[in-house]
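A.B. asks: Contents of run15.pdb (PDB, N, CA and C atoms):
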```pdb
ATOM      1  N   MET A   1      28.473 -39.192   9.456
ATOM      2  CA  MET A   1      27.429 -38.302   8.997
ATOM      3  C   MET A   1      27.964 -36.873   8.966
ATOM      4  N   LYS A   2      27.836 -36.208   7.830
ATOM      5  CA  LYS A   2      28.336 -34.844   7.686
ATOM      6  C   LYS A   2      27.256 -33.845   8.071
ATOM      7  N   GLN A   3      27.727 -32.794   8.686
ATOM      8  CA  GLN A   3      26.823 -31.728   9.073
ATOM      9  C   GLN A   3      26.793 -30.688   7.960
ATOM     10  N   GLY A   4      25.648 -30.055   7.752
ATOM     11  CA  GLY A   4      25.524 -29.022   6.728
ATOM     12  C   GLY A   4      26.313 -27.787   7.092
ATOM     13  N   LYS A   5      26.527 -26.928   6.109
ATOM     14  CA  LYS A   5      27.278 -25.694   6.332
ATOM     15  C   LYS A   5      26.485 -24.765   7.245
ATOM     16  N   GLU A   6      27.170 -24.216   8.230
ATOM     17  CA  GLU A   6      26.542 -23.290   9.164
ATOM     18  C   GLU A   6      26.374 -21.921   8.518
ATOM     19  N   ASP A   7      25.247 -21.289   8.757
ATOM     20  CA  ASP A   7      24.988 -19.932   8.286
ATOM     21  C   ASP A   7      25.065 -19.022   9.508
ATOM     22  N   PHE A   8      26.264 -18.595   9.855
ATOM     23  CA  PHE A   8      26.516 -17.885  11.094
ATOM     24  C   PHE A   8      27.073 -16.499  10.804
ATOM     25  N   ASP A   9      26.536 -15.478  11.457
ATOM     26  CA  ASP A   9      27.016 -14.106  11.311
ATOM     27  C   ASP A   9      27.313 -13.519  12.681
ATOM     28  N   ILE A  10      28.288 -12.613  12.722
ATOM     29  CA  ILE A  10      28.607 -11.913  13.962
ATOM     30  C   ILE A  10      27.562 -10.826  14.228
ATOM     31  N   VAL A  11      27.228 -10.055  13.197
ATOM     32  CA  VAL A  11      26.282  -8.947  13.339
ATOM     33  C   VAL A  11      25.094  -9.184  12.429
ATOM     34  N   LYS A  12      23.884  -8.994  12.971
ATOM     35  CA  LYS A  12      22.653  -9.169  12.203
ATOM     36  C   LYS A  12      22.068  -7.798  11.883
ATOM     37  N   ASP A  13      21.668  -7.593  10.640
ATOM     38  CA  ASP A  13      20.990  -6.359  10.258
ATOM     39  C   ASP A  13      19.565  -6.361  10.790
ATOM     40  N   ASP A  14      18.968  -5.168  10.894
ATOM     41  CA  ASP A  14      17.615  -5.052  11.433
ATOM     42  C   ASP A  14      16.582  -5.818  10.614
ATOM     43  N   ASN A  15      16.699  -5.767   9.292
ATOM     44  CA  ASN A  15      15.669  -6.368   8.445
ATOM     45  C   ASN A  15      16.042  -7.766   7.953
ATOM     46  N   ASP A  16      16.990  -8.417   8.623
ATOM     47  CA  ASP A  16      17.408  -9.766   8.255
ATOM     48  C   ASP A  16      16.697 -10.758   9.168
ATOM     49  N   SER A  17      16.237 -11.872   8.615
ATOM     50  CA  SER A  17      15.450 -12.816   9.414
ATOM     51  C   SER A  17      16.284 -13.970   9.969
ATOM     52  N   LYS A  18      17.606 -13.851   9.963
ATOM     53  CA  LYS A  18      18.461 -14.921  10.480
ATOM     54  C   LYS A  18      18.315 -15.064  11.990
ATOM     55  N   ARG A  19      18.568 -16.273  12.467
ATOM     56  CA  ARG A  19      18.539 -16.508  13.903
ATOM     57  C   ARG A  19      19.923 -16.846  14.442
ATOM     58  N   ASN A  20      20.902 -16.989  13.576
ATOM     59  CA  ASN A  20      22.253 -17.401  13.942
ATOM     60  C   ASN A  20      23.181 -16.194  13.953
ATOM     61  N   TYR A  21      23.206 -15.441  15.046
ATOM     62  CA  TYR A  21      24.035 -14.248  15.129
ATOM     63  C   TYR A  21      24.404 -13.980  16.577
ATOM     64  N   ILE A  22      25.404 -13.135  16.791
ATOM     65  CA  ILE A  22      25.804 -12.755  18.146
ATOM     66  C   ILE A  22      25.255 -11.373  18.488
ATOM     67  N   PHE A  23      25.516 -10.389  17.633
ATOM     68  CA  PHE A  23      25.075  -9.021  17.865
ATOM     69  C   PHE A  23      24.041  -8.611  16.838
ATOM     70  N   GLN A  24      23.153  -7.694  17.245
ATOM     71  CA  GLN A  24      22.174  -7.143  16.332
ATOM     72  C   GLN A  24      22.439  -5.651  16.208
ATOM     73  N   LYS A  25      22.315  -5.120  15.001
ATOM     74  CA  LYS A  25      22.547  -3.692  14.792
ATOM     75  C   LYS A  25      21.329  -2.916  15.303
ATOM     76  N   ASP A  26      21.403  -2.480  16.539
ATOM     77  CA  ASP A  26      20.353  -1.634  17.088
ATOM     78  C   ASP A  26      20.962  -0.752  18.184
ATOM     79  N   GLY A  27      20.166   0.138  18.719
ATOM     80  CA  GLY A  27      20.658   1.090  19.706
ATOM     81  C   GLY A  27      21.102   0.439  21.004
ATOM     82  N   LEU A  28      20.400  -0.592  21.436
ATOM     83  CA  LEU A  28      20.739  -1.254  22.686
ATOM     84  C   LEU A  28      22.122  -1.897  22.618
ATOM     85  N   THR A  29      22.425  -2.548  21.514
ATOM     86  CA  THR A  29      23.726  -3.186  21.352
ATOM     87  C   THR A  29      24.841  -2.146  21.389
ATOM     88  N   LYS A  30      24.627  -1.012  20.747
ATOM     89  CA  LYS A  30      25.641   0.045  20.743
ATOM     90  C   LYS A  30      25.844   0.617  22.144
ATOM     91  N   LYS A  31      24.757   0.816  22.892
ATOM     92  CA  LYS A  31      24.864   1.344  24.258
ATOM     93  C   LYS A  31      25.594   0.366  25.170
ATOM     94  N   ILE A  32      25.288  -0.913  25.051
ATOM     95  CA  ILE A  32      25.949  -1.913  25.874
ATOM     96  C   ILE A  32      27.429  -2.001  25.517
ATOM     97  N   PHE A  33      27.769  -1.924  24.228
ATOM     98  CA  PHE A  33      29.170  -1.947  23.809
ATOM     99  C   PHE A  33      29.927  -0.768  24.413
ATOM    100  N   VAL A  34      29.353   0.422  24.362
ATOM    101  CA  VAL A  34      30.013   1.605  24.918
ATOM    102  C   VAL A  34      30.190   1.443  26.424
ATOM    103  N   PHE A  35      29.173   0.935  27.117
ATOM    104  CA  PHE A  35      29.260   0.729  28.560
ATOM    105  C   PHE A  35      30.370  -0.254  28.909
ATOM    106  N   VAL A  36      30.430  -1.382  28.216
ATOM    107  CA  VAL A  36      31.450  -2.397  28.485
ATOM    108  C   VAL A  36      32.844  -1.842  28.180
ATOM    109  N   ALA A  37      32.976  -1.083  27.098
ATOM    110  CA  ALA A  37      34.266  -0.494  26.745
ATOM    111  C   ALA A  37      34.730   0.485  27.822
ATOM    112  N   ILE A  38      33.819   1.299  28.334
ATOM    113  CA  ILE A  38      34.171   2.260  29.386
ATOM    114  C   ILE A  38      34.593   1.526  30.656
ATOM    115  N   VAL A  39      33.861   0.478  31.038
ATOM    116  CA  VAL A  39      34.209  -0.294  32.232
ATOM    117  C   VAL A  39      35.594  -0.928  32.068
ATOM    118  N   LEU A  40      35.882  -1.477  30.902
ATOM    119  CA  LEU A  40      37.190  -2.078  30.677
ATOM    120  C   LEU A  40      38.314  -1.048  30.769
ATOM    121  N   VAL A  41      38.102   0.120  30.211
ATOM    122  CA  VAL A  41      39.115   1.177  30.278
ATOM    123  C   VAL A  41      39.334   1.602  31.729
ATOM    124  N   VAL A  42      38.261   1.745  32.491
ATOM    125  CA  VAL A  42      38.387   2.129  33.900
ATOM    126  C   VAL A  42      39.154   1.060  34.674
ATOM    127  N   LEU A  43      38.849  -0.205  34.413
ATOM    128  CA  LEU A  43      39.558  -1.286  35.100
ATOM    129  C   LEU A  43      41.038  -1.325  34.727
ATOM    130  N   ILE A  44      41.349  -1.099  33.471
ATOM    131  CA  ILE A  44      42.749  -1.078  33.038
ATOM    132  C   ILE A  44      43.496   0.082  33.706
ATOM    133  N   ILE A  45      42.865   1.239  33.784
ATOM    134  CA  ILE A  45      43.488   2.390  34.442
ATOM    135  C   ILE A  45      43.693   2.103  35.930
ATOM    136  N   ALA A  46      42.712   1.491  36.577
ATOM    137  CA  ALA A  46      42.825   1.162  38.003
ATOM    138  C   ALA A  46      43.963   0.187  38.253
ATOM    139  N   VAL A  47      44.092  -0.815  37.409
ATOM    140  CA  VAL A  47      45.194  -1.780  37.564
ATOM    141  C   VAL A  47      46.530  -1.087  37.338
ATOM    142  N   ALA A  48      46.610  -0.219  36.339
ATOM    143  CA  ALA A  48      47.864   0.482  36.051
ATOM    144  C   ALA A  48      48.256   1.394  37.218
ATOM    145  N   LEU A  49      47.290   2.098  37.798
ATOM    146  CA  LEU A  49      47.593   2.974  38.921
ATOM    147  C   LEU A  49      47.991   2.170  40.159
ATOM    148  N   THR A  50      47.346   1.070  40.397
ATOM    149  CA  THR A  50      47.673   0.218  41.531
ATOM    150  C   THR A  50      49.058  -0.378  41.378
ATOM    151  N   TYR A  51      49.376  -0.832  40.196
ATOM    152  CA  TYR A  51      50.689  -1.411  39.930
ATOM    153  C   TYR A  51      51.780  -0.361  40.089
ATOM    154  N   GLY A  52      51.503   0.865  39.695
ATOM    155  CA  GLY A  52      52.482   1.932  39.818
ATOM    156  C   GLY A  52      52.767   2.290  41.265
ATOM    157  N   ASN A  53      51.782   2.130  42.147
ATOM    158  CA  ASN A  53      51.967   2.455  43.561
ATOM    159  C   ASN A  53      52.708   1.351  44.326
ATOM    160  N   LEU A  54      52.771   0.155  43.783
ATOM    161  CA  LEU A  54      53.439  -0.944  44.479
ATOM    162  C   LEU A  54      54.955  -0.840  44.415
ATOM    163  N   GLY A  55      55.485  -0.237  43.367
ATOM    164  CA  GLY A  55      56.928  -0.211  43.163
ATOM    165  C   GLY A  55      57.564   0.910  43.838
TER     166      GLY A  55
END
```
Using structure tokens, write down the structure that the file contains.

C.D. replies:
Amino acid sequence: MKQGKEDFDIVKDDNDSKRNYIFQKDGLTKKIFVFVAIVLVVLIIAVALTYGNLG
């Protein structure tokens, strides 16, 4: 039995009625992305500084 083609998007526009998406274009998604990016940068810097002190 074959499955139908998936209608899947990474980003959903505000006025689109799709239910198959990961991110939605709104303010909350942008704020969360910035927060996660900042946390990742801080963690990378912390690992780099820790590694530099070991040698």

A.B. asks: As an exercise, work out the distance from atom N of Ile45 (chain A) to atom N of Phe23 (chain A) in Å and give it to one decimal place.

C.D. replies: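 Computing it gives 26.4 Å between the two atoms.
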
A.B. asks: Have a look at atom C of Val39 (chain A) and atom N of Tyr51 (chain A) and let me know their distance in Å, one decimal.

C.D. replies: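 Separation of atom C of Val39 (chain A) and atom N of Tyr51 (chain A): 16.0 Å.
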
A.B. asks: Distance CA of Lys25 (chain A)-CA of Val41 (chain A), one decimal place?

C.D. replies: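 So the two atoms, CA of Lys25 (chain A) and CA of Val41 (chain A), lie 23.2 Å apart.
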